[in-house]
$ cat input-v6.pdb   # PDB, C-alpha atoms
ATOM      1  CA  MET A   1      59.315 -46.108 -86.046
ATOM      2  CA  THR A   2      61.822 -48.746 -84.937
ATOM      3  CA  HIS A   3      61.402 -47.621 -81.316
ATOM      4  CA  ILE A   4      57.622 -47.949 -81.564
ATOM      5  CA  LEU A   5      57.922 -51.469 -82.955
ATOM      6  CA  SER A   6      60.395 -52.435 -80.242
ATOM      7  CA  VAL A   7      57.868 -51.380 -77.572
ATOM      8  CA  TRP A   8      55.017 -53.444 -79.056
ATOM      9  CA  PRO A   9      56.127 -56.877 -77.727
ATOM     10  CA  GLN A  10      56.321 -55.371 -74.229
ATOM     11  CA  LEU A  11      52.624 -54.501 -74.246
ATOM     12  CA  ARG A  12      51.193 -57.228 -72.082
ATOM     13  CA  ASN A  13      47.627 -56.177 -71.615
ATOM     14  CA  ALA A  14      44.811 -54.032 -72.952
ATOM     15  CA  GLU A  15      45.565 -51.168 -70.569
ATOM     16  CA  GLU A  16      49.087 -50.811 -71.952
ATOM     17  CA  ILE A  17      47.789 -50.963 -75.521
ATOM     18  CA  PHE A  18      45.142 -48.304 -74.832
ATOM     19  CA  SER A  19      47.685 -46.174 -72.986
ATOM     20  CA  LEU A  20      49.906 -46.118 -76.054
ATOM     21  CA  ALA A  21      46.915 -45.625 -78.361
ATOM     22  CA  LEU A  22      45.814 -42.596 -76.330
ATOM     23  CA  TRP A  23      49.241 -40.975 -76.596
ATOM     24  CA  PHE A  24      49.211 -41.547 -80.362
ATOM     25  CA  SER A  25      45.613 -40.326 -80.562
ATOM     26  CA  GLY A  26      46.439 -37.092 -78.752
ATOM     27  CA  ILE A  27      49.405 -36.462 -81.043
ATOM     28  CA  GLY A  28      47.371 -37.568 -84.060
ATOM     29  CA  HIS A  29      44.922 -34.725 -83.552
ATOM     30  CA  PHE A  30      47.756 -32.240 -83.942
ATOM     31  CA  CYS A  31      48.810 -34.043 -87.141
ATOM     32  CA  VAL A  32      45.288 -33.423 -88.474
ATOM     33  CA  LEU A  33      45.866 -29.726 -87.784
ATOM     34  CA  ILE A  34      49.090 -29.727 -89.797
ATOM     35  CA  ALA A  35      47.077 -30.941 -92.769
ATOM     36  CA  SER A  36      44.147 -28.587 -92.118
ATOM     37  CA  PHE A  37      46.364 -25.503 -92.022
ATOM     38  CA  GLN A  38      47.438 -26.323 -95.597
ATOM     39  CA  VAL A  39      43.869 -26.558 -96.900
ATOM     40  CA  PRO A  40      43.185 -22.869 -97.672
ATOM     41  CA  ALA A  41      46.309 -22.462 -99.815
ATOM     42  CA  ARG A  42      46.303 -25.892-101.470
ATOM     43  CA  LEU A  43      42.598 -25.786-102.319
ATOM     44  CA  GLY A  44      42.554 -22.172-103.492
ATOM     45  CA  TRP A  45      40.191 -20.851-100.859
ATOM     46  CA  LYS A  46      41.166 -17.226-101.474
ATOM     47  CA  GLU A  47      39.763 -17.412-104.988
ATOM     48  CA  ASP A  48      36.770 -19.633-104.182
ATOM     49  CA  LEU A  49      35.715 -17.844-100.997
ATOM     50  CA  GLY A  50      36.101 -14.530-102.817
ATOM     51  CA  LYS A  51      33.086 -15.539-104.920
ATOM     52  CA  LEU A  52      30.863 -15.755-101.837
ATOM     53  CA  THR A  53      28.983 -12.908-100.222
ATOM     54  CA  PRO A  54      30.849 -11.424 -97.253
ATOM     55  CA  PHE A  55      28.468 -13.098 -94.786
ATOM     56  CA  ASN A  56      28.836 -16.560 -96.368
ATOM     57  CA  ARG A  57      32.610 -16.119 -96.523
ATOM     58  CA  LYS A  58      32.651 -15.260 -92.805
ATOM     59  CA  LEU A  59      30.460 -18.303 -92.064
ATOM     60  CA  MET A  60      33.014 -20.549 -93.778
ATOM     61  CA  TRP A  61      35.922 -19.050 -91.805
ATOM     62  CA  VAL A  62      33.988 -19.306 -88.524
ATOM     63  CA  HIS A  63      33.072 -22.933 -89.298
ATOM     64  CA  GLY A  64      36.727 -23.691 -90.057
ATOM     65  CA  GLY A  65      37.863 -21.928 -86.904
ATOM     66  CA  PHE A  66      35.481 -23.931 -84.732
ATOM     67  CA  ALA A  67      36.626 -27.162 -86.393
ATOM     68  CA  VAL A  68      40.252 -26.267 -85.614
ATOM     69  CA  LEU A  69      39.346 -25.363 -82.030
ATOM     70  CA  THR A  70      37.516 -28.677 -81.631
ATOM     71  CA  ILE A  71      40.501 -30.666 -82.898
ATOM     72  CA  ILE A  72      42.882 -28.738 -80.617
ATOM     73  CA  ALA A  73      40.560 -29.544 -77.695
ATOM     74  CA  PHE A  74      40.421 -33.228 -78.680
ATOM     75  CA  GLY A  75      44.210 -33.486 -78.785
ATOM     76  CA  THR A  76      44.807 -31.466 -75.642
ATOM     77  CA  LEU A  77      42.129 -33.243 -73.608
ATOM     78  CA  THR A  78      43.249 -36.677 -74.786
ATOM     79  CA  LEU A  79      46.801 -35.945 -73.645
ATOM     80  CA  THR A  80      45.913 -34.214 -70.374
ATOM     81  CA  LEU A  81      43.159 -36.664 -69.384
ATOM     82  CA  HIS A  82      45.175 -39.741 -70.352
ATOM     83  CA  ASP A  83      45.040 -41.303 -66.885
ATOM     84  CA  GLU A  84      41.342 -40.494 -66.411
ATOM     85  CA  LEU A  85      40.559 -42.105 -69.762
ATOM     86  CA  LEU A  86      42.446 -45.257 -68.777
ATOM     87  CA  ARG A  87      40.720 -45.386 -65.384
ATOM     88  CA  GLY A  88      37.353 -45.173 -67.077
ATOM     89  CA  ASP A  89      36.190 -41.988 -65.372
ATOM     90  CA  ARG A  90      32.674 -41.276 -66.662
ATOM     91  CA  ALA A  91      33.346 -37.792 -68.032
ATOM     92  CA  ALA A  92      36.536 -38.934 -69.731
ATOM     93  CA  VAL A  93      34.806 -41.934 -71.298
ATOM     94  CA  GLY A  94      32.011 -39.615 -72.465
ATOM     95  CA  LEU A  95      34.657 -37.471 -74.127
ATOM     96  CA  ALA A  96      36.205 -40.547 -75.777
ATOM     97  CA  LEU A  97      32.763 -41.583 -77.036
ATOM     98  CA  PHE A  98      32.190 -38.130 -78.519
ATOM     99  CA  ILE A  99      35.635 -38.081 -80.164
ATOM    100  CA  GLY A 100      35.086 -41.574 -81.579
ATOM    101  CA  ILE A 101      31.672 -40.659 -82.980
ATOM    102  CA  TYR A 102      33.041 -37.388 -84.396
ATOM    103  CA  TRP A 103      35.756 -39.165 -86.405
ATOM    104  CA  THR A 104      33.444 -42.003 -87.432
ATOM    105  CA  LEU A 105      30.997 -39.464 -88.826
ATOM    106  CA  ARG A 106      33.851 -37.641 -90.571
ATOM    107  CA  ILE A 107      34.746 -40.881 -92.357
ATOM    108  CA  ALA A 108      31.064 -41.522 -93.204
ATOM    109  CA  VAL A 109      30.763 -38.035 -94.714
ATOM    110  CA  ASP A 110      33.842 -38.758 -96.799
ATOM    111  CA  PHE A 111      32.452 -42.036 -98.138
ATOM    112  CA  PHE A 112      28.767 -41.182 -98.500
ATOM    113  CA  TYR A 113      28.594 -37.445 -99.181
ATOM    114  CA  TYR A 114      31.781 -36.272-100.860
ATOM    115  CA  GLU A 115      32.222 -37.527-104.385
ATOM    116  CA  TYR A 116      35.513 -38.722-105.814
ATOM    117  CA  LYS A 117      35.127 -36.443-108.837
ATOM    118  CA  ASP A 118      35.020 -33.432-106.489
ATOM    119  CA  TRP A 119      38.430 -34.125-104.931
ATOM    120  CA  PRO A 120      41.472 -32.254-106.256
ATOM    121  CA  ARG A 121      43.559 -34.225-108.728
ATOM    122  CA  GLY A 122      47.159 -35.257-108.294
ATOM    123  CA  ARG A 123      49.180 -37.846-106.433
ATOM    124  CA  MET A 124      49.806 -35.520-103.485
ATOM    125  CA  PHE A 125      46.059 -35.125-102.871
ATOM    126  CA  VAL A 126      45.346 -38.845-103.299
ATOM    127  CA  VAL A 127      48.093 -39.824-100.852
ATOM    128  CA  GLY A 128      47.125 -37.064 -98.418
ATOM    129  CA  HIS A 129      43.478 -38.112 -98.527
ATOM    130  CA  ALA A 130      44.379 -41.755 -97.902
ATOM    131  CA  LEU A 131      46.683 -40.874 -94.997
ATOM    132  CA  LEU A 132      44.126 -38.589 -93.392
ATOM    133  CA  THR A 133      41.388 -41.194 -93.741
ATOM    134  CA  CYS A 134      43.661 -43.759 -92.064
ATOM    135  CA  LEU A 135      44.384 -41.281 -89.282
ATOM    136  CA  PHE A 136      40.665 -40.546 -88.829
ATOM    137  CA  ALA A 137      39.998 -44.301 -88.660
ATOM    138  CA  PHE A 138      42.707 -44.721 -86.018
ATOM    139  CA  LEU A 139      41.313 -41.823 -83.954
ATOM    140  CA  ALA A 140      37.805 -43.308 -84.142
ATOM    141  CA  ALA A 141      38.978 -46.853 -83.350
ATOM    142  CA  ALA A 142      41.227 -45.828 -80.453
ATOM    143  CA  ASN A 143      38.466 -43.835 -78.778
ATOM    144  CA  LEU A 144      35.576 -46.192 -79.462
ATOM    145  CA  GLY A 145      37.771 -49.159 -78.545
ATOM    146  CA  LEU A 146      38.595 -47.495 -75.240
ATOM    147  CA  VAL A 147      34.883 -46.945 -74.580
ATOM    148  CA  ALA A 148      34.066 -50.594 -75.365
ATOM    149  CA  TRP A 149      36.962 -51.804 -73.198
ATOM    150  CA  THR A 150      35.860 -49.568 -70.308
ATOM    151  CA  ILE A 151      32.263 -50.811 -70.564
ATOM    152  CA  SER A 152      33.473 -54.428 -70.629
ATOM    153  CA  LEU A 153      35.361 -53.864 -67.363
ATOM    154  CA  HIS A 154      32.277 -52.573 -65.587
TER     155      HIS A 154
END
$ encode --input "input-v6.pdb" --output "structure tokens"
Amino acid sequence: MTHILSVWPQLRNAEEIFSLALWFSGIGHFCVLIASFQVPARLGWKEDLGKLTPFNRKLMWVHGGFAVLTIIAFGTLTLTLHDELLRGDRAAVGLALFIGIYWTLRIAVDFFYYEYKDWPRGRMFVVGHALLTCLFAFLAAANLGLVAWTISLH
């Protein structure tokens, strides 16, 4: 953390800030995966999914698998297309727009659809939820900010 803070004063322009934000965004997607791989065990999916019909259980696992694949793609593409994103290449900016909308909608679902009473109890879950929401907000802001910055340059 000290190293990150020591770099901050050296960031002289928006491109350097977005460059750093993209690196953190790419890595941040893999941090989301670390949390998501804990979900089945911590939330008791074996017991809960066991109550579903086999088809519905498979639907849940397929849905989860596609979500994981999407997040892996977001992280990988953000890291490998870093320079294209900074240059404002159309396809890369389209990807950033999609990623930003994806995480914005994830936050909206959290606030407007999930209910607090439904969340698991305990300090670990409260802290984890807060940290993940902050990470989602960063991922949305970094990508949507990059899109806005790119549009402002053109």
$ resolve_selection --input "input-v6.pdb" --expression "the PyMOL selection byres ((chain A and resi 43-51) around 12)" --output "list in words"
Ala35, Ser36, Phe37, Gln38, Val39, Pro40, Ala41, Arg42, Leu52, Thr53, Pro54, Phe55, Asn56, Arg57, Lys58, Leu59, Met60, Trp61, Gly64, Asp118, Trp119, Pro120, Arg121 and Phe125 of chain A
$ closest_residue --input "input-v6.pdb" --among "A:Phe18, A:Phe98, A:Tyr113, A:Phe136" --to "A:Thr150" --atoms "all atoms listed in the file"
A:Phe18
$ resolve_selection --input "input-v6.pdb" --expression "the PyMOL selection byres ((chain A and resi 75) around 12)" --output "short mmCIF file (atom, residue, chain, number, x, y, z; two decimals) with C-alpha atoms, in the coordinates of the input"
data_model
loop_
_atom_site.label_atom_id
_atom_site.label_comp_id
_atom_site.auth_asym_id
_atom_site.auth_seq_id
_atom_site.Cartn_x
_atom_site.Cartn_y
_atom_site.Cartn_z
CA LEU A 22 45.81 -42.60 -76.33
CA TRP A 23 49.24 -40.98 -76.60
CA PHE A 24 49.21 -41.55 -80.36
CA SER A 25 45.61 -40.33 -80.56
CA GLY A 26 46.44 -37.09 -78.75
CA ILE A 27 49.40 -36.46 -81.04
CA GLY A 28 47.37 -37.57 -84.06
CA HIS A 29 44.92 -34.72 -83.55
CA PHE A 30 47.76 -32.24 -83.94
CA CYS A 31 48.81 -34.04 -87.14
CA VAL A 32 45.29 -33.42 -88.47
CA LEU A 33 45.87 -29.73 -87.78
CA VAL A 68 40.25 -26.27 -85.61
CA LEU A 69 39.35 -25.36 -82.03
CA THR A 70 37.52 -28.68 -81.63
CA ILE A 71 40.50 -30.67 -82.90
CA ILE A 72 42.88 -28.74 -80.62
CA ALA A 73 40.56 -29.54 -77.69
CA PHE A 74 40.42 -33.23 -78.68
CA THR A 76 44.81 -31.47 -75.64
CA LEU A 77 42.13 -33.24 -73.61
CA THR A 78 43.25 -36.68 -74.79
CA LEU A 79 46.80 -35.94 -73.64
CA THR A 80 45.91 -34.21 -70.37
CA LEU A 81 43.16 -36.66 -69.38
CA HIS A 82 45.18 -39.74 -70.35
CA LEU A 95 34.66 -37.47 -74.13
CA ALA A 96 36.20 -40.55 -75.78
CA ILE A 99 35.64 -38.08 -80.16
CA LEU A 139 41.31 -41.82 -83.95
CA ASN A 143 38.47 -43.84 -78.78
#
$ atom_distance --input "input-v6.pdb" --atom1 "atom CA of A:Gly88" --atom2 "atom CA of A:Leu135"
23.6 Å
$ atom_distance --input "input-v6.pdb" --atom1 "atom CA of A:Thr104" --atom2 "atom CA of A:Ala137"
7.1 Å
$ closest_residue --input "input-v6.pdb" --among "A:Ala141, A:Cys134, A:Met124, A:Ile151" --to "A:Val93" --atoms "all atoms listed in the file"
A:Ile151
$ residues_around --input "input-v6.pdb" --residues "A:Glu15" --least-positions-apart "3" --cutoff "12 Å" --atoms "all atoms listed in the file" --output "list in words"
Leu11, Arg12, Phe18, Ser19, Leu20, Ala21, Leu22, His82, Asp83, Leu85, Leu86, Arg87, Gly88, Gly145, Leu146, Trp149, Thr150 and Leu153 of chain A
$ axis_aligned_box --input "input-v6.pdb" --around "stretch 83-100 of chain A" --padding-each-side "3 Å" --output "AutoDock Vina command-line options"
--center_x 38.5 --center_y -41.4 --center_z -73.5 --size_x 19.0 --size_y 13.9 --size_z 22.2
$ closest_residue --input "input-v6.pdb" --among "A:Arg90, A:Val62, A:His129, A:Tyr102" --to "A:Tyr116" --atoms "only C-alpha atoms"
A:His129
$ atom_distance --input "input-v6.pdb" --atom1 "atom CA of A:Ile101" --atom2 "atom CA of A:Ala67"
14.8 Å
$ closest_residue --input "input-v6.pdb" --among "A:Ala142, A:Leu97, A:Thr133, A:Val126" --to "A:Val109" --atoms "all atoms listed in the file"
A:Thr133
$ decode --input "input-v6.pdb" --residues "stretch 8-105 of chain A" --atoms "C-alpha atoms" --output "PDB file, in the first residue's frame"
ATOM      1  CA  TRP A   8       0.176   8.790  -6.623  1.00  0.00           C
ATOM      2  CA  PRO A   9       1.980  12.185  -6.555  1.00  0.00           C
ATOM      3  CA  GLN A  10       3.822  11.180  -9.738  1.00  0.00           C
ATOM      4  CA  LEU A  11       0.576  10.848 -11.681  1.00  0.00           C
ATOM      5  CA  ARG A  12       0.567  14.031 -13.691  1.00  0.00           C
ATOM      6  CA  ASN A  13      -2.333  13.573 -16.019  1.00  0.00           C
ATOM      7  CA  ALA A  14      -5.547  11.681 -16.656  1.00  0.00           C
ATOM      8  CA  GLU A  15      -3.850   9.106 -18.881  1.00  0.00           C
ATOM      9  CA  GLU A  16      -1.521   8.061 -16.065  1.00  0.00           C
ATOM     10  CA  ILE A  17      -4.423   7.887 -13.618  1.00  0.00           C
ATOM     11  CA  PHE A  18      -6.502   5.755 -16.002  1.00  0.00           C
ATOM     12  CA  SER A  19      -3.492   3.570 -16.760  1.00  0.00           C
ATOM     13  CA  LEU A  20      -3.114   2.764 -13.078  1.00  0.00           C
ATOM     14  CA  ALA A  21      -6.880   2.377 -12.652  1.00  0.00           C
ATOM     15  CA  LEU A  22      -6.970  -0.145 -15.505  1.00  0.00           C
ATOM     16  CA  TRP A  23      -4.229  -2.257 -13.935  1.00  0.00           C
ATOM     17  CA  PHE A  24      -6.113  -2.228 -10.624  1.00  0.00           C
ATOM     18  CA  SER A  25      -9.385  -2.943 -12.431  1.00  0.00           C
ATOM     19  CA  GLY A  26      -7.932  -5.970 -14.204  1.00  0.00           C
ATOM     20  CA  ILE A  27      -6.552  -7.333 -10.935  1.00  0.00           C
ATOM     21  CA  GLY A  28      -9.764  -6.391  -9.130  1.00  0.00           C
ATOM     22  CA  HIS A  29     -11.773  -8.757 -11.299  1.00  0.00           C
ATOM     23  CA  PHE A  30      -9.650 -11.648 -10.077  1.00  0.00           C
ATOM     24  CA  CYS A  31     -10.251 -10.486  -6.487  1.00  0.00           C
ATOM     25  CA  VAL A  32     -13.993 -10.784  -7.174  1.00  0.00           C
ATOM     26  CA  LEU A  33     -13.340 -14.390  -8.200  1.00  0.00           C
ATOM     27  CA  ILE A  34     -11.566 -15.132  -4.922  1.00  0.00           C
ATOM     28  CA  ALA A  35     -14.731 -14.080  -3.125  1.00  0.00           C
ATOM     29  CA  SER A  36     -17.058 -15.878  -5.554  1.00  0.00           C
ATOM     30  CA  PHE A  37     -15.255 -19.200  -5.162  1.00  0.00           C
ATOM     31  CA  GLN A  38     -16.078 -19.057  -1.432  1.00  0.00           C
ATOM     32  CA  VAL A  39     -19.801 -18.507  -2.002  1.00  0.00           C
ATOM     33  CA  PRO A  40     -20.971 -22.133  -2.389  1.00  0.00           C
ATOM     34  CA  ALA A  41     -19.369 -23.280   0.873  1.00  0.00           C
ATOM     35  CA  ARG A  42     -20.026 -20.154   2.947  1.00  0.00           C
ATOM     36  CA  LEU A  43     -23.657 -19.854   1.859  1.00  0.00           C
ATOM     37  CA  GLY A  44     -24.471 -23.555   2.138  1.00  0.00           C
ATOM     38  CA  TRP A  45     -25.260 -24.139  -1.508  1.00  0.00           C
ATOM     39  CA  LYS A  46     -24.916 -27.916  -1.215  1.00  0.00           C
ATOM     40  CA  GLU A  47     -27.880 -28.035   1.141  1.00  0.00           C
ATOM     41  CA  ASP A  48     -29.944 -25.320  -0.564  1.00  0.00           C
ATOM     42  CA  LEU A  49     -29.352 -26.470  -4.139  1.00  0.00           C
ATOM     43  CA  GLY A  50     -30.104 -30.031  -3.042  1.00  0.00           C
ATOM     44  CA  LYS A  51     -33.710 -28.914  -2.510  1.00  0.00           C
ATOM     45  CA  LEU A  52     -34.072 -27.949  -6.175  1.00  0.00           C
ATOM     46  CA  THR A  53     -35.034 -30.241  -9.014  1.00  0.00           C
ATOM     47  CA  PRO A  54     -32.011 -31.538 -10.934  1.00  0.00           C
ATOM     48  CA  PHE A  55     -32.744 -29.210 -13.866  1.00  0.00           C
ATOM     49  CA  ASN A  56     -33.039 -26.095 -11.667  1.00  0.00           C
ATOM     50  CA  ARG A  57     -29.879 -27.084  -9.794  1.00  0.00           C
ATOM     51  CA  LYS A  58     -28.024 -27.402 -13.114  1.00  0.00           C
ATOM     52  CA  LEU A  59     -29.387 -24.005 -14.216  1.00  0.00           C
ATOM     53  CA  MET A  60     -27.924 -22.411 -11.083  1.00  0.00           C
ATOM     54  CA  TRP A  61     -24.501 -24.011 -11.650  1.00  0.00           C
ATOM     55  CA  VAL A  62     -24.513 -23.020 -15.336  1.00  0.00           C
ATOM     56  CA  HIS A  63     -25.503 -19.447 -14.415  1.00  0.00           C
ATOM     57  CA  GLY A  64     -22.687 -19.330 -11.853  1.00  0.00           C
ATOM     58  CA  GLY A  65     -20.217 -20.770 -14.335  1.00  0.00           C
ATOM     59  CA  PHE A  66     -21.081 -18.161 -16.953  1.00  0.00           C
ATOM     60  CA  ALA A  67     -20.756 -15.394 -14.356  1.00  0.00           C
ATOM     61  CA  VAL A  68     -17.281 -16.675 -13.439  1.00  0.00           C
ATOM     62  CA  LEU A  69     -16.313 -16.922 -17.112  1.00  0.00           C
ATOM     63  CA  THR A  70     -17.521 -13.359 -17.695  1.00  0.00           C
ATOM     64  CA  ILE A  71     -15.474 -12.013 -14.784  1.00  0.00           C
ATOM     65  CA  ILE A  72     -12.375 -13.916 -15.952  1.00  0.00           C
ATOM     66  CA  ALA A  73     -12.872 -12.381 -19.413  1.00  0.00           C
ATOM     67  CA  PHE A  74     -13.295  -8.893 -17.925  1.00  0.00           C
ATOM     68  CA  GLY A  75     -10.062  -9.192 -15.953  1.00  0.00           C
ATOM     69  CA  THR A  76      -8.075 -10.809 -18.738  1.00  0.00           C
ATOM     70  CA  LEU A  77      -9.275  -8.399 -21.425  1.00  0.00           C
ATOM     71  CA  THR A  78      -8.721  -5.361 -19.212  1.00  0.00           C
ATOM     72  CA  LEU A  79      -5.119  -6.419 -18.609  1.00  0.00           C
ATOM     73  CA  THR A  80      -4.335  -7.523 -22.165  1.00  0.00           C
ATOM     74  CA  LEU A  81      -6.090  -4.593 -23.868  1.00  0.00           C
ATOM     75  CA  HIS A  82      -4.674  -2.001 -21.470  1.00  0.00           C
ATOM     76  CA  ASP A  83      -2.970   0.041 -24.191  1.00  0.00           C
ATOM     77  CA  GLU A  84      -5.968  -0.161 -26.541  1.00  0.00           C
ATOM     78  CA  LEU A  85      -8.241   1.052 -23.748  1.00  0.00           C
ATOM     79  CA  LEU A  86      -5.953   4.013 -23.065  1.00  0.00           C
ATOM     80  CA  ARG A  87      -5.735   4.867 -26.771  1.00  0.00           C
ATOM     81  CA  GLY A  88      -9.503   4.894 -26.996  1.00  0.00           C
ATOM     82  CA  ASP A  89      -9.819   2.182 -29.631  1.00  0.00           C
ATOM     83  CA  ARG A  90     -13.539   1.799 -30.369  1.00  0.00           C
ATOM     84  CA  ALA A  91     -13.828  -1.905 -29.551  1.00  0.00           C
ATOM     85  CA  ALA A  92     -11.865  -1.479 -26.336  1.00  0.00           C
ATOM     86  CA  VAL A  93     -13.989   1.481 -25.255  1.00  0.00           C
ATOM     87  CA  GLY A  94     -17.108  -0.560 -26.061  1.00  0.00           C
ATOM     88  CA  LEU A  95     -15.769  -3.272 -23.777  1.00  0.00           C
ATOM     89  CA  ALA A  96     -15.099  -0.713 -21.024  1.00  0.00           C
ATOM     90  CA  LEU A  97     -18.649   0.612 -21.414  1.00  0.00           C
ATOM     91  CA  PHE A  98     -20.066  -2.901 -21.095  1.00  0.00           C
ATOM     92  CA  ILE A  99     -17.919  -3.671 -18.034  1.00  0.00           C
ATOM     93  CA  GLY A 100     -18.921  -0.373 -16.415  1.00  0.00           C
ATOM     94  CA  ILE A 101     -22.619  -0.985 -17.048  1.00  0.00           C
ATOM     95  CA  TYR A 102     -22.317  -4.584 -15.812  1.00  0.00           C
ATOM     96  CA  TRP A 103     -20.888  -3.514 -12.439  1.00  0.00           C
ATOM     97  CA  THR A 104     -23.252  -0.552 -12.131  1.00  0.00           C
ATOM     98  CA  LEU A 105     -26.196  -2.891 -12.617  1.00  0.00           C
TER      99      LEU A 105
END
